[in-house]
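Student: structure_37.txt is reproduced below (compact mmCIF, C-alpha atoms and all ligand atoms).
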```txt
# COMPACT_ATOMS: atom_id res chain seq x y z
CA MET A 1 -17.31 -59.21 -3.56
CA ARG A 2 -15.30 -58.59 -0.43
CA PHE A 3 -13.89 -61.41 1.74
CA ASP A 4 -12.39 -60.52 5.12
CA VAL A 5 -10.43 -63.39 6.65
CA LEU A 6 -9.76 -63.35 10.40
CA THR A 7 -7.03 -65.78 11.36
CA LEU A 8 -4.00 -66.32 13.57
CA PHE A 9 -2.07 -67.52 10.51
CA PRO A 10 -2.58 -65.09 7.62
CA GLY A 11 0.53 -66.49 5.92
CA ILE A 12 -1.37 -69.70 5.11
CA PHE A 13 -3.40 -67.77 2.51
CA GLU A 14 -0.63 -65.87 0.83
CA GLY A 15 0.50 -68.44 -1.74
CA TYR A 16 -3.06 -69.29 -2.61
CA LEU A 17 -4.02 -65.63 -3.10
CA ALA A 18 -1.00 -64.94 -5.28
CA GLU A 19 -1.82 -67.52 -7.97
CA SER A 20 -4.07 -68.22 -10.87
CA LEU A 21 -7.76 -67.44 -11.14
CA LEU A 22 -7.94 -65.81 -7.74
CA LYS A 23 -5.13 -63.36 -8.41
CA GLU A 24 -6.63 -62.54 -11.79
CA ALA A 25 -10.05 -61.87 -10.24
CA MET A 26 -8.44 -59.66 -7.61
CA ASP A 27 -6.41 -57.76 -10.22
CA ARG A 28 -9.58 -57.19 -12.23
CA GLY A 29 -11.35 -55.81 -9.16
CA LEU A 30 -14.01 -58.53 -9.15
CA ILE A 31 -13.09 -59.69 -5.67
CA GLU A 32 -11.17 -58.31 -2.74
CA VAL A 33 -9.58 -60.49 -0.05
CA ASN A 34 -8.33 -58.87 3.15
CA LEU A 35 -6.37 -60.80 5.77
CA TYR A 36 -6.52 -59.79 9.43
CA ASN A 37 -4.33 -61.28 12.11
CA MET A 38 -6.55 -61.68 15.16
CA ARG A 39 -3.44 -61.45 17.33
CA ASP A 40 -3.38 -57.72 16.55
CA TRP A 41 -6.40 -57.49 18.89
CA ALA A 42 -4.54 -59.08 21.82
CA ASN A 43 -3.84 -56.19 24.14
CA ASP A 44 -1.72 -57.79 26.86
CA LYS A 45 2.05 -57.92 26.79
CA HIS A 46 2.17 -61.61 25.78
CA ASN A 47 -0.38 -61.19 22.99
CA THR A 48 -2.53 -63.92 24.50
CA MET A 49 -5.29 -65.17 22.21
CA ASP A 50 -6.24 -68.40 23.95
CA ASP A 51 -6.54 -69.85 27.42
CA ARG A 52 -7.20 -73.18 29.16
CA PRO A 53 -10.80 -74.39 29.17
CA PHE A 54 -12.88 -73.90 32.32
CA GLY A 55 -13.70 -77.35 33.72
CA GLY A 56 -10.41 -78.76 32.50
CA GLY A 57 -9.58 -80.84 29.46
CA PRO A 58 -7.06 -80.79 26.66
CA GLY A 59 -6.30 -77.94 24.30
CA MET A 60 -6.81 -74.22 24.42
CA VAL A 61 -9.85 -72.05 23.76
CA LEU A 62 -9.86 -68.81 21.76
CA LYS A 63 -10.76 -65.93 24.03
CA VAL A 64 -14.09 -64.12 23.57
CA ASP A 65 -12.59 -60.76 24.61
CA ARG A 66 -10.06 -61.00 21.77
CA VAL A 67 -12.20 -62.43 18.98
CA VAL A 68 -15.35 -60.31 19.38
CA PRO A 69 -13.54 -56.91 19.31
CA CYS A 70 -11.57 -58.12 16.31
CA VAL A 71 -14.74 -59.02 14.37
CA GLU A 72 -16.39 -55.73 15.38
CA ALA A 73 -13.37 -53.73 14.25
CA VAL A 74 -13.20 -55.52 10.89
CA GLN A 75 -16.97 -55.04 10.40
CA SER A 76 -16.42 -51.28 10.76
CA TYR A 77 -13.88 -51.23 7.90
CA ALA A 78 -16.61 -51.22 5.25
CA PRO A 79 -19.86 -49.27 4.94
CA ARG A 80 -22.04 -52.33 5.47
CA PRO A 81 -21.36 -55.27 7.82
CA GLY A 82 -20.68 -58.64 6.20
CA ARG A 83 -22.21 -62.01 6.88
CA VAL A 84 -20.06 -63.76 9.50
CA LEU A 85 -19.06 -67.36 8.79
CA MET A 86 -17.33 -69.37 11.50
CA MET A 87 -15.24 -72.25 10.23
CA THR A 88 -15.83 -75.18 12.59
CA PRO A 89 -16.24 -78.95 12.28
CA GLN A 90 -19.47 -78.48 14.27
CA GLY A 91 -21.05 -76.33 11.56
CA ARG A 92 -23.50 -77.29 8.84
CA PRO A 93 -21.76 -79.20 6.07
CA LEU A 94 -20.90 -77.03 3.07
CA THR A 95 -22.75 -77.86 -0.14
CA GLN A 96 -23.00 -76.22 -3.53
CA ARG A 97 -26.41 -74.91 -2.49
CA ILE A 98 -24.80 -73.01 0.38
CA VAL A 99 -21.98 -71.84 -1.92
CA GLU A 100 -24.59 -70.45 -4.35
CA GLU A 101 -26.31 -68.66 -1.48
CA LEU A 102 -23.02 -67.16 -0.24
CA ALA A 103 -22.18 -65.92 -3.74
CA GLN A 104 -25.19 -63.56 -3.48
CA GLU A 105 -23.62 -61.68 -0.57
CA GLU A 106 -21.56 -58.57 -1.13
CA ARG A 107 -19.33 -59.16 1.87
CA LEU A 108 -18.28 -62.24 3.88
CA LEU A 109 -16.23 -62.42 7.09
CA LEU A 110 -14.49 -65.75 7.54
CA LEU A 111 -13.57 -66.51 11.11
CA CYS A 112 -10.87 -69.19 11.38
CA GLY A 113 -10.32 -71.06 14.64
CA ARG A 114 -7.40 -73.12 15.89
CA TYR A 115 -6.88 -75.22 19.01
CA GLU A 116 -10.06 -76.60 20.61
CA GLY A 117 -12.15 -73.81 19.14
CA PHE A 118 -13.85 -70.61 20.24
CA ASP A 119 -15.34 -69.69 23.59
CA GLN A 120 -19.07 -70.40 23.13
CA ARG A 121 -19.85 -66.74 23.85
CA VAL A 122 -18.23 -65.81 20.51
CA VAL A 123 -21.07 -67.79 18.92
CA ASP A 124 -23.70 -66.36 21.30
CA ILE A 125 -22.68 -62.76 20.60
CA LEU A 126 -21.86 -62.85 16.89
CA GLN A 127 -24.37 -65.54 15.88
CA PRO A 128 -22.21 -66.55 12.94
CA ASP A 129 -23.18 -69.03 10.29
CA GLU A 130 -21.15 -72.05 11.46
CA ILE A 131 -19.77 -74.04 8.53
CA SER A 132 -17.87 -77.33 8.25
CA ILE A 133 -16.31 -78.58 5.05
CA GLY A 134 -16.78 -82.25 5.86
CA ASP A 135 -16.56 -85.01 8.40
CA TYR A 136 -12.85 -85.05 9.04
CA VAL A 137 -10.57 -83.05 11.29
CA LEU A 138 -8.43 -80.10 10.18
CA ASN A 139 -5.87 -78.33 12.32
CA GLY A 140 -7.75 -75.09 11.87
CA GLY A 141 -10.30 -73.23 9.82
CA GLU A 142 -7.88 -71.67 7.35
CA VAL A 143 -8.03 -74.39 4.71
CA ALA A 144 -11.82 -74.44 5.07
CA ALA A 145 -11.95 -70.66 4.56
CA ALA A 146 -9.85 -71.07 1.41
CA VAL A 147 -12.38 -73.69 0.22
CA ILE A 148 -15.20 -71.18 0.73
CA ILE A 149 -13.37 -68.40 -1.13
CA ASP A 150 -12.46 -70.77 -3.96
CA SER A 151 -15.96 -72.18 -4.42
CA VAL A 152 -17.79 -68.85 -4.02
CA MET A 153 -15.52 -66.67 -6.18
CA ARG A 154 -15.99 -68.84 -9.26
CA LEU A 155 -19.73 -68.08 -9.19
CA ILE A 156 -19.14 -64.32 -9.34
CA PRO A 157 -19.99 -63.00 -12.80
CA GLY A 158 -16.90 -62.42 -14.90
CA VAL A 159 -14.52 -64.53 -12.80
CA LEU A 160 -14.62 -67.59 -15.07
CA GLY A 161 -13.83 -67.05 -18.72
CA ASP A 162 -16.79 -69.03 -19.99
CA GLU A 163 -20.02 -67.95 -18.27
CA ASN A 164 -21.48 -71.40 -18.79
CA SER A 165 -18.76 -73.41 -17.19
CA ALA A 166 -19.99 -72.85 -13.63
CA VAL A 167 -23.56 -73.69 -14.57
CA VAL A 168 -22.90 -77.14 -16.03
CA ASP A 169 -20.58 -78.27 -13.24
CA SER A 170 -21.55 -81.23 -11.10
CA PHE A 171 -23.47 -80.19 -8.00
CA SER A 172 -24.64 -76.83 -9.31
CA SER A 173 -28.38 -76.46 -8.79
CA GLY A 174 -30.27 -78.23 -11.52
CA ASN A 175 -27.42 -80.69 -12.01
CA ARG A 176 -27.03 -83.69 -9.75
CA LEU A 177 -24.85 -85.81 -12.01
CA LEU A 178 -21.11 -86.28 -12.04
CA GLU A 179 -19.28 -84.96 -15.09
CA GLU A 180 -18.68 -87.23 -18.07
CA ASP A 181 -15.22 -88.62 -18.96
CA GLN A 182 -13.11 -86.22 -21.02
CA TYR A 183 -10.47 -86.94 -23.65
CA THR A 184 -8.05 -84.95 -25.73
CA ARG A 185 -5.23 -85.86 -28.13
CA PRO A 186 -3.60 -88.27 -28.75
CA ARG A 187 -6.34 -90.57 -30.04
CA GLU A 188 -4.48 -93.57 -28.72
CA TYR A 189 -2.03 -93.91 -25.84
CA ARG A 190 -0.48 -97.15 -24.61
CA GLY A 191 -3.18 -99.10 -26.40
CA LEU A 192 -6.02 -97.07 -24.87
CA ALA A 193 -8.22 -95.49 -27.53
CA VAL A 194 -10.61 -92.57 -27.20
CA PRO A 195 -14.26 -93.77 -27.50
CA GLU A 196 -15.10 -93.87 -31.20
CA ILE A 197 -18.32 -91.86 -30.83
CA LEU A 198 -16.42 -88.78 -29.65
CA LEU A 199 -14.52 -88.77 -32.96
CA SER A 200 -17.65 -89.30 -35.07
CA GLY A 201 -18.64 -85.65 -35.43
CA ASP A 202 -22.27 -86.67 -34.78
CA HIS A 203 -23.25 -84.19 -32.07
CA GLY A 204 -26.57 -85.86 -31.26
CA LEU A 205 -24.84 -89.18 -30.70
CA ILE A 206 -22.06 -87.53 -28.71
CA GLU A 207 -24.56 -85.86 -26.37
CA LYS A 208 -26.34 -89.21 -25.85
CA TRP A 209 -23.01 -90.89 -25.02
CA ARG A 210 -22.17 -88.13 -22.55
CA GLU A 211 -25.54 -88.36 -20.81
CA ALA A 212 -25.23 -92.13 -20.49
CA ASN A 213 -21.68 -91.77 -19.20
CA ARG A 214 -22.78 -89.21 -16.57
CA LEU A 215 -25.60 -91.48 -15.42
CA ASP A 216 -23.45 -94.64 -15.30
CA LYS A 217 -20.74 -92.89 -13.35
CA THR A 218 -23.14 -91.32 -10.89
CA PHE A 219 -24.97 -94.63 -10.36
CA LEU A 220 -21.72 -96.47 -9.66
CA ARG A 221 -19.92 -93.86 -7.57
CA ARG A 222 -22.52 -91.60 -6.00
CA PRO A 223 -25.94 -93.28 -6.02
CA ASP A 224 -26.94 -90.90 -3.19
CA LEU A 225 -27.04 -88.07 -5.77
CA LEU A 226 -29.82 -89.88 -7.64
CA ASP A 227 -32.14 -89.91 -4.60
CA ASP A 228 -35.32 -87.85 -4.84
CA GLU A 229 -34.01 -85.53 -2.18
CA PRO A 230 -30.24 -85.98 -2.06
CA SER A 231 -28.65 -84.46 1.03
CA GLY A 232 -27.23 -81.03 0.39
CA TYR A 233 -29.62 -79.96 -2.37
CL1 LIG B 301 -14.40 -75.61 9.02
N1 LIG B 301 -12.56 -76.49 10.70
C1 LIG B 301 -11.83 -77.46 11.27
N2 LIG B 301 -10.93 -77.15 12.20
N3 LIG B 301 -11.96 -78.75 10.96
C2 LIG B 301 -12.85 -79.04 10.02
C3 LIG B 301 -13.64 -78.07 9.38
C4 LIG B 301 -13.46 -76.78 9.76
N4 LIG B 301 -14.44 -78.68 8.50
C5 LIG B 301 -14.16 -79.98 8.58
N5 LIG B 301 -13.21 -80.20 9.50
```
Could the structure of this file be written out as C-alpha cells, please?
Tutor:
Amino acid sequence: MRFDVLTLFPGIFEGYLAESLLKEAMDRGLIEVNLYNMRDWANDKHNTMDDRPFGGGPGMVLKVDRVVPCVEAVQSYAPRPGRVLMMTPQGRPLTQRIVEELAQEERLLLLCGRYEGFDQRVVDILQPDEISIGDYVLNGGEVAAAVIIDSVMRLIPGVLGDENSAVVDSFSSGNRLLEEDQYTRPREYRGLAVPEILLSGDHGLIEKWREANRLDKTFLRRPDLLDDEPSGY
C-alpha cells in the first residue's frame, strides 16, 4: 500500500517513520510512505502558501492555487490516482470501520492542513474524504495523518506478526468489547496477585473469565459500545 503525505512539515513524520513496526513494514516492501512538502509548489519568491481570509478574521488560509497543483502533481507520480483524504476537524470522525475501509485501498493521499485550514475551493475541486480524529483541536493535520497510517497499516496482510491479532482487537468489526485485563509474571507484586483462574490451566474457565471481564469493563467504561447501533460501527 502506498501513502503519499502532503504537508508543510514533513519533518514531523520522520521519527515516526524510522521506528518499529512501520519501518519494518516499509523495509519488507509491504507499505511505502512518501512525504511531499507542499511548499515546493509555491512558485513566488517568498514561497507563499497561505494568505489572509477574505472577509477578515484571524489566522491564515492555505491557498487553492498552491494546494491543488501539488495534489495533482503527486497523483501523477503513480500509475493510478489515490483516494484523497483531507485531515480536518470538520471531517467525519475516524472509526475502525473507516480504517478497515481505507485498508482496502491501494493508494492514499493524506492532505495535512495548518493555520485556519484550506480555501474551500480545495474541497470543491478535489472532493476529498474529509476526516477528523476526534472532537479536540490539533495544530495541524500531521498527527492525524500519522494516526491514519498507523491504524491502516496494521490491517495490511503480513504487517503484524500474528494474523489474528488485528482481528480480535477492540473495535474491529464483529468485536464491540474492550479487551480483557492482561497479566504476566510475577504472580504477585506489592501484594497484588494475578487472578487465580488465569493460573488454573482450565482453558474453558479462563475463556469464561475473560468474556466476563470484557463485558464488565465495557459496561463500566464504554456503555455506548453495547448499544444496538453504537456510533461508528
Ligand atoms: Cl484531522 N486536524 C486538526 N487540525 N485538528 C483535528 C483533527 C484534524 N482531528 C481532530 N482535531
Student: Grab the atom N4 of ligand LIG 301 (chain B) to CA of Thr88 (chain A) distance for me, in Å with one decimal place.
Tutor: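 CA of Thr88 (chain A) lies at a distance of 5.6 Å from atom N4 of ligand LIG 301 (chain B).
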Student: Which residues of chain A sit at most 6 Å from ligand LIG 301 (chain B), using all atoms listed in the file? Give each one's shortest atom pair and distance in Å (one decimal place), in chain and ascending residue order, as CSV.
Tutor:
```
residue,atom,partner,partner_atom,distance
A:Met87,CA,B:LIG301,CL1,3.7
A:Thr88,CA,B:LIG301,CL1,3.9
A:Pro89,CA,B:LIG301,C3,4.0
A:Ile131,CA,B:LIG301,CL1,5.6
A:Ser132,CA,B:LIG301,N4,3.7
A:Ile133,CA,B:LIG301,N4,3.9
A:Gly134,CA,B:LIG301,C5,4.4
A:Asp135,CA,B:LIG301,C5,5.6
A:Tyr136,CA,B:LIG301,N5,4.9
A:Val137,CA,B:LIG301,N5,4.3
A:Leu138,CA,B:LIG301,N3,3.9
A:Asn139,CA,B:LIG301,N2,5.2
A:Gly140,CA,B:LIG301,N2,3.8
A:Gly141,CA,B:LIG301,N1,4.1
A:Ala144,CA,B:LIG301,CL1,4.9
```
Student: Which distance in Å separates CA of Glu116 (chain A) and CA of Ala73 (chain A), to one decimal?
Tutor: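 Computing it gives 24.0 Å between the two atoms.
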Student: Pick from A:Gly56, A:Gly91, A:Tyr183, A:Gly161: nearest to Glu196 (chain A), with only C-alpha atoms counted?
Tutor: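 Among the listed residues, A:Tyr183 lies closest to Glu196 (chain A).
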Student: Neighbours of Phe13 (chain A) within 10 Å (all atoms listed in the file; same-chain residues fewer than 6 positions away dropped), as number ranges by chain?
Tutor: A: 5, 7, 33, 35, 142-143, 145-146
Student: For CA of Val123 (chain A) and CA of Glu14 (chain A), quote the distance in Å rounded to one decimal.
Tutor: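 Atom-to-atom, CA of Val123 (chain A) and CA of Glu14 (chain A) are spaced 27.4 Å apart.
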Student: Select from region 41-85 of chain A every residue with an atom at most 10 Å from any atom of region 96-106 of chain A, then for each give the shortest pair of atoms and their distance in Å to one decimal, using only C-alpha atoms, rows by chain and rising number, as CSV.
Tutor:
```
residue,atom,partner,partner_atom,distance
A:Arg80,CA,A:Glu106,CA,9.1
A:Pro81,CA,A:Glu106,CA,9.5
A:Gly82,CA,A:Glu106,CA,7.4
A:Arg83,CA,A:Glu105,CA,7.6
A:Leu85,CA,A:Leu102,CA,9.9
```
Student: Those same residues, written as a PDB file, in the coordinates of the input with C-alpha atoms?
Tutor:
```
ATOM      1  CA  ARG A  80     -22.040 -52.330   5.470  1.00  0.00           C
ATOM      2  CA  PRO A  81     -21.360 -55.270   7.820  1.00  0.00           C
ATOM      3  CA  GLY A  82     -20.680 -58.640   6.200  1.00  0.00           C
ATOM      4  CA  ARG A  83     -22.210 -62.010   6.880  1.00  0.00           C
ATOM      5  CA  LEU A  85     -19.060 -67.360   8.790  1.00  0.00           C
TER       6      LEU A  85
END
```
Student: Name all residues at most 6 Å from Arg107 (chain A) (count all atoms listed in the file; drop same-chain ones fewer than 5 positions away) and give them as an MDAnalysis selection string.
Tutor: chainID A and resid 1:3 82
Student: For Leu126 (chain A), which of A:Asp162, A:Glu72, A:Asp169, A:Glu188 is the closest residue, counting only C-alpha atoms?
Tutor: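 Smallest distance to Leu126 (chain A) is found for A:Glu72.
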Student: Find the smallest box with edges along x, y and z containing every listed atom of region 138-153 of chain A, then add 3 Å on each side and report centre and edge lengths in Å to one decimal, as lines of an AutoDock Vina configuration file.
Tutor:
```
center_x = -11.8
center_y = -73.4
center_z = 3.1
size_x = 17.9
size_y = 19.4
size_z = 24.5
```
Student: Which residue, A:Tyr189, A:Phe9, A:Tyr115, A:Tyr77, has the smallest gap to Asn37 (chain A) when you use only C-alpha atoms?
Tutor: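 Of all the options, A:Phe9 lies closest to Asn37 (chain A).
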Student: For Trp209 (chain A), work out the shell of residues within 12 Å, counting only C-alpha atoms and skipping chain neighbours fewer than 2 positions away, then give it as a list in words.
Tutor: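 With the cut-off at 12 Å, the set is Glu180, Asp181, Gln182, Pro195, Glu196, Ile197, Leu198, Leu199, Ser200, Asp202, His203, Gly204, Leu205, Ile206, Glu207, Glu211, Ala212, Asn213, Arg214, Leu215 and Asp216 of chain A.
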Student: Which is closer to Ile149 (chain A) than all the others in A:Glu179, A:Glu32, A:Asp50, A:Glu19, using all atoms listed in the file?
Tutor: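 Checking each candidate against Ile149 (chain A), we get A:Glu32 as the closest.
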